Every structure is written in structure tokens, then in C-alpha cells.
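Have a look at start-v8.cif below; it lists mmCIF, C-alpha atoms and all ligand atoms.
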```
data_work
loop_
_atom_site.label_atom_id
_atom_site.label_comp_id
_atom_site.auth_asym_id
_atom_site.auth_seq_id
_atom_site.Cartn_x
_atom_site.Cartn_y
_atom_site.Cartn_z
CA VAL I 1 7.24 22.61 4.61
CA GLY I 2 6.75 24.14 1.16
CA ASP I 3 3.66 24.67 -0.93
CA ARG I 4 2.53 21.41 -2.56
CA GLN I 5 -1.03 21.72 -3.78
CA ASP I 6 -2.03 18.24 -2.59
CA SER I 7 -0.47 18.77 0.85
CA ASN I 8 -2.27 22.12 1.16
CA VAL I 9 -5.57 20.32 0.54
CA TYR I 10 -4.81 17.63 3.16
CA ILE I 11 -3.67 20.24 5.69
CA GLY I 12 -6.83 22.27 5.04
CA GLN I 13 -8.96 19.17 5.65
CA LYS I 14 -7.10 18.41 8.88
CA LEU I 15 -7.59 21.98 10.17
CA LYS I 16 -11.30 21.83 9.30
CA SER I 17 -11.78 18.42 10.92
CA ALA I 18 -9.90 19.53 14.03
CA THR I 19 -12.18 22.56 14.40
CA GLU I 20 -15.26 20.35 13.97
CA VAL I 21 -14.24 18.14 16.92
CA GLY I 22 -13.16 21.05 19.12
CA ILE I 23 -9.40 20.87 18.65
CA THR I 24 -7.53 24.15 18.24
CA ALA I 25 -5.20 23.52 15.29
CA LYS I 26 -2.57 25.82 13.87
CA HIS I 27 -0.71 25.45 10.58
CA VAL I 28 2.97 26.35 10.94
CA LYS I 29 3.81 26.99 7.28
CA LEU I 30 7.52 26.92 6.49
CA GLY I 31 9.40 27.87 3.33
CA THR I 32 11.05 25.50 0.86
CA ASP I 33 14.47 26.85 1.84
CA ILE I 34 14.29 25.84 5.50
CA SER I 35 17.30 23.87 6.77
CA GLU I 36 17.11 20.56 8.61
CA SER I 37 18.46 22.11 11.81
CA ALA I 38 15.94 24.99 11.67
CA LEU I 39 13.09 22.52 11.20
CA LEU I 40 14.34 20.39 14.10
CA THR I 41 14.49 23.51 16.29
CA ILE I 42 10.84 24.28 15.49
CA VAL I 43 9.79 20.68 16.25
CA ASN I 44 11.64 20.86 19.57
CA GLN I 45 9.94 24.16 20.44
CA LEU I 46 6.55 22.53 19.77
CA ASN I 47 7.61 19.49 21.85
CA GLU I 48 8.33 21.77 24.78
CA ASP I 49 5.20 23.92 24.41
CA PRO I 50 2.68 22.72 27.05
CA ASN I 51 -0.16 24.19 24.98
CA VAL I 52 0.62 21.84 22.09
CA HIS I 53 -0.69 18.29 22.52
CA GLY I 54 -0.12 16.87 19.04
CA ILE I 55 2.25 17.51 16.15
CA ILE I 56 1.86 16.46 12.51
CA VAL I 57 4.66 17.13 10.01
CA GLN I 58 2.91 16.88 6.65
CA LEU I 59 4.81 14.62 4.23
CA PRO I 60 6.43 14.71 1.78
CA LEU I 61 8.59 17.67 2.75
CA ASP I 62 8.64 20.14 -0.13
CA CYS I 63 12.09 21.66 0.28
CA ASN I 64 15.12 22.70 -1.75
CA THR I 65 17.45 21.53 1.00
CA ALA I 66 18.46 18.00 2.04
CA ILE I 67 16.22 17.13 4.99
CA ASP I 68 15.98 13.63 6.44
CA SER I 69 12.23 13.29 6.96
CA ASP I 70 12.70 10.28 9.29
CA LEU I 71 14.96 12.39 11.50
CA VAL I 72 12.22 15.04 11.66
CA THR I 73 9.33 12.67 12.42
CA ASN I 74 11.50 10.93 15.03
CA ALA I 75 12.21 14.28 16.67
CA ILE I 76 8.52 14.63 17.59
CA ALA I 77 7.97 13.74 21.26
CA ARG I 78 6.34 10.30 21.35
CA GLU I 79 3.37 11.55 23.40
CA LYS I 80 2.73 14.24 20.74
CA ASP I 81 3.36 11.97 17.74
CA VAL I 82 -0.32 11.74 16.79
CA ASP I 83 0.57 10.47 13.30
CA GLY I 84 2.33 7.48 14.88
CA LEU I 85 5.27 7.73 12.47
CA GLY I 86 8.05 7.97 15.06
CA VAL I 87 10.05 4.87 16.00
CA VAL I 88 8.50 4.49 19.46
CA ASN I 89 4.88 4.45 18.28
CA ALA I 90 5.68 2.52 15.08
CA GLY I 91 7.75 0.03 17.11
CA ARG I 92 4.94 -0.52 19.59
CA LEU I 93 2.49 -1.23 16.76
CA ALA I 94 4.98 -3.60 15.10
CA ARG I 95 5.27 -5.55 18.38
CA GLY I 96 1.53 -5.69 18.97
CA ASN I 97 1.42 -3.10 21.74
CA LEU I 98 -1.65 -1.18 20.61
CA ASP I 99 -1.24 1.37 23.39
CA CYS I 100 0.24 3.75 20.84
CA PHE I 101 -0.66 6.31 18.19
CA VAL I 102 -1.58 4.48 14.96
CA PRO I 103 -1.36 6.28 11.57
CA CYS I 104 -4.81 7.64 10.75
CA THR I 105 -5.48 5.94 7.38
CA PRO I 106 -4.92 2.36 8.63
CA ARG I 107 -6.85 3.20 11.77
CA GLY I 108 -9.74 4.46 9.65
CA CYS I 109 -9.59 1.37 7.42
CA LEU I 110 -9.78 -0.91 10.47
CA GLU I 111 -12.80 1.08 11.66
CA LEU I 112 -14.46 0.55 8.25
CA ILE I 113 -13.65 -3.18 8.32
CA GLN I 114 -15.05 -3.67 11.82
CA SER I 115 -17.97 -1.25 11.88
CA PRO I 116 -21.49 -2.54 11.23
CA ARG I 117 -21.76 0.39 8.79
CA GLY I 118 -18.75 -1.03 6.92
CA ALA I 119 -17.76 -4.65 6.42
CA GLY I 120 -19.04 -5.49 9.91
CA LEU I 121 -16.19 -7.90 10.72
CA ALA I 122 -16.10 -7.38 14.48
CA SER I 123 -13.62 -10.26 14.86
CA LEU I 124 -10.78 -10.70 12.39
CA ALA I 125 -9.55 -14.02 13.80
CA GLY I 126 -9.22 -16.49 10.93
CA VAL I 127 -9.78 -13.84 8.26
CA SER I 128 -7.33 -13.66 5.33
CA ALA I 129 -6.30 -10.11 4.42
CA VAL I 130 -4.21 -8.80 1.52
CA VAL I 131 -2.55 -5.39 1.87
CA VAL I 132 -1.14 -3.82 -1.29
CA GLY I 133 1.70 -1.38 -0.52
CA ARG I 134 4.30 -1.22 2.23
CA SER I 135 4.58 2.52 2.91
CA LYS I 136 5.27 3.62 6.47
CA ILE I 137 2.05 5.69 6.45
CA VAL I 138 -0.44 3.14 5.14
CA GLY I 139 0.66 -0.34 3.99
CA SER I 140 3.04 -1.43 6.75
CA PRO I 141 0.97 -0.16 9.71
CA MET I 142 -2.20 -1.57 8.07
CA ALA I 143 -0.60 -5.03 7.83
CA GLU I 144 0.57 -4.81 11.45
CA LEU I 145 -2.81 -3.60 12.72
CA LEU I 146 -4.60 -6.46 10.94
CA THR I 147 -2.02 -8.98 12.21
CA TRP I 148 -2.53 -7.90 15.83
CA HIS I 149 -6.29 -8.13 15.32
CA HIS I 150 -5.61 -11.79 14.46
CA ALA I 151 -6.06 -11.67 10.67
CA THR I 152 -3.68 -13.69 8.50
CA VAL I 153 -2.01 -11.04 6.36
CA THR I 154 -0.30 -11.15 2.96
CA LEU I 155 1.60 -7.94 2.26
CA CYS I 156 2.16 -7.24 -1.46
CA HIS I 157 4.25 -4.39 -2.87
CA SER I 158 5.93 -3.11 -6.00
CA ARG I 159 8.31 -6.10 -6.18
CA THR I 160 5.60 -8.74 -5.63
CA LYS I 161 5.44 -11.17 -8.54
CA ASP I 162 2.08 -11.89 -10.20
CA LEU I 163 0.11 -9.51 -7.97
CA ALA I 164 -3.08 -10.34 -9.84
CA GLN I 165 -2.69 -14.00 -8.82
N1 LIG I 201 2.17 13.52 8.18
C1 LIG I 201 1.47 12.86 7.24
N2 LIG I 201 1.76 13.06 5.96
C2 LIG I 201 1.04 12.37 5.02
C3 LIG I 201 -0.02 11.52 5.39
C4 LIG I 201 -0.28 11.33 6.76
O1 LIG I 201 -1.16 10.55 7.16
N3 LIG I 201 0.48 12.03 7.65
N4 LIG I 201 -0.78 10.87 4.41
C5 LIG I 201 -0.64 11.30 3.02
C6 LIG I 201 -1.46 12.51 2.71
N5 LIG I 201 -2.77 12.40 3.32
C7 LIG I 201 -2.97 13.07 4.46
O2 LIG I 201 -2.22 13.84 4.92
C8 LIG I 201 -3.75 11.59 2.70
C9 LIG I 201 -3.70 11.27 1.36
C10 LIG I 201 -4.71 10.51 0.77
C11 LIG I 201 -5.75 10.06 1.53
C12 LIG I 201 -6.86 9.26 0.93
O3 LIG I 201 -7.65 8.68 1.63
N6 LIG I 201 -6.96 9.22 -0.38
C13 LIG I 201 -7.99 8.50 -1.05
C14 LIG I 201 -8.81 9.43 -1.89
C15 LIG I 201 -9.67 10.29 -1.04
C16 LIG I 201 -10.49 11.28 -1.86
O4 LIG I 201 -10.22 11.50 -3.03
O5 LIG I 201 -11.41 11.83 -1.28
C17 LIG I 201 -7.36 7.47 -1.97
O6 LIG I 201 -6.17 7.60 -2.27
O7 LIG I 201 -8.08 6.52 -2.33
C18 LIG I 201 -5.78 10.35 2.87
C19 LIG I 201 -4.79 11.13 3.45
C20 LIG I 201 0.80 11.64 2.73
N7 LIG I 201 1.33 12.53 3.71
#
```
Mind turning this structure into C-alpha cells?
Amino acid sequence: VGDRQDSNVYIGQKLKSATEVGITAKHVKLGTDISESALLTIVNQLNEDPNVHGIIVQLPLDCNTAIDSDLVTNAIAREKDVDGLGVVNAGRLARGNLDCFVPCTPRGCLELIQSPRGAGLASLAGVSAVVVGRSKIVGSPMAELLTWHHATVTLCHSRTKDLAQ
């Protein structure tokens, strides 16, 4: 929704990456004046389209209207919620059921932590981890992912006192 320069870059990268791995990806570009109900109708049409297997609503929504972005991400069918931002996938991750879609940045960070080409920590049991930030896209799911891989996690955020300590 809208025309943010940063979002356009991220969307462009996602389309390019999808093509590279053989996924047909289409950008449904919507205007800043779209209403919440019109956006929900489009999400529902994509939910019902058997040719669509995954849906990403790029955030933040760049609109002139009042749209509840949580309502929109929760409207995505859970089996198409490849960003893992809906309550079903996010709830599964929070409870340690890793049979779910996990937001891509935390998933990539875990890959870097575990991979021999990264930190090479195949097992995180007994490891102490500090996550800075509690956003629904990165910080919170990162802390949960580390917790369920048996790390001991400290989650710091904007109200944490003495972060440097
Ligand atoms: N539906 C979604 N919306 C948004 C997401 C998302 O995962 N799903 N994440 C961000 C935007 N974004 C991808 O869409 C994104 C932003 C930043 C990065 C990142 O790794 N940044 C690095 C710098 C990378 C570089 O400069 O090459 C950093 O901050 O250190 C990844 C993805 C919000 N919206």
C-alpha cells in the first residue's frame, strides 16, 4: 500500500529473490487512499485464489486512511501467511510449536548463528543471548526462536534501563 521508497526497495528485492528460486511473485500495488475494507477484500480474494500460495503485506502501510495493520495481517489465511505475522503462526512460535511460518529476518539470523559459515553454534543449549528490540517482525520472534532453541534470552527494548550494562 502506497509508495514508500524503502518499501519499494524491499519489495523489489523480494520479487528478485523469488524469481531466483523459481517462485512466481506478483506485486499488487495499491494506492494511499485505499480503505481498510477494500484492502481486506483484496486479501480475501488472494486467500481464496488457489494459484496463490503465499501472501506478504509489506509494512508499514503507507496510506491516508485509518487502516489497522494487525487486522490486515490477521486476515491472511494462516497457510498463506509466509511472513508469520498472523496470530496463529505468531502464537505457535510463542508456544514453541515450530511447525509454523517464522518471520524471515529472525529465521535468517538463526541460520547465521547456527551455520558453520556463521557463528557455527549448532546447539544453543546453555548459550546466553541478548536481543535488542521487541518488534513483532524481528525482536519478539527472534527472542522466541532462540528460547525454543534452548538459549537463555534477555530481551531489551526502548524502556530497558542501562542497556549498555
Ligand atoms: N511484511 C513485512 N513488512 C516488513 C518486513 C517484513 O519482514 N515483512 N520487514 C521490514 C522491511 N524489510 C523487509 O521487508 C527489511 C528491512 C530491513 C532489513 C535488513 O536486514 N536491514 C539491515 C540492512 C541491510 C542492508 O543495508 O543491506 C539492517 O537494518 O541492518 C531486512 C528486511 C519492515 N516491513
- Message: Let me see if you get this right: every residue at most 7 Å from ligand LIG 201 (chain I), counting only C-alpha atoms and all ligand atoms, written as number ranges by chain.
- Response: I: 7, 10-11, 56-60, 83, 103-105, 137
- Query: Hey, what's within 7 Å of region 27-35 of chain I if we count all atoms listed in the file and toss same-chain stuff fewer than 6 positions away? As a PyMOL selection string, please?
  - Reply: chain I and resi 1-2+62-65
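Between CA of Ala90 (chain I) and CA of Val72 (chain I) lies a distance of 14.5 Å.
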Hey, could you pull the box centre and edge lengths for region 66-78 of chain I, axis-aligned, 4 Å padding per side, all listed atoms, to one decimal in Å, as lines of an AutoDock Vina configuration file?
```
center_x = 12.4
center_y = 14.1
center_z = 11.7
size_x = 20.1
size_y = 15.7
size_z = 27.3
```
- Query: In Å to one decimal, how far is CA of Lys80 (chain I) from CA of Leu93 (chain I)?
  - Reply: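 One can read the CA of Leu93 (chain I) to CA of Lys80 (chain I) distance as 16.0 Å.
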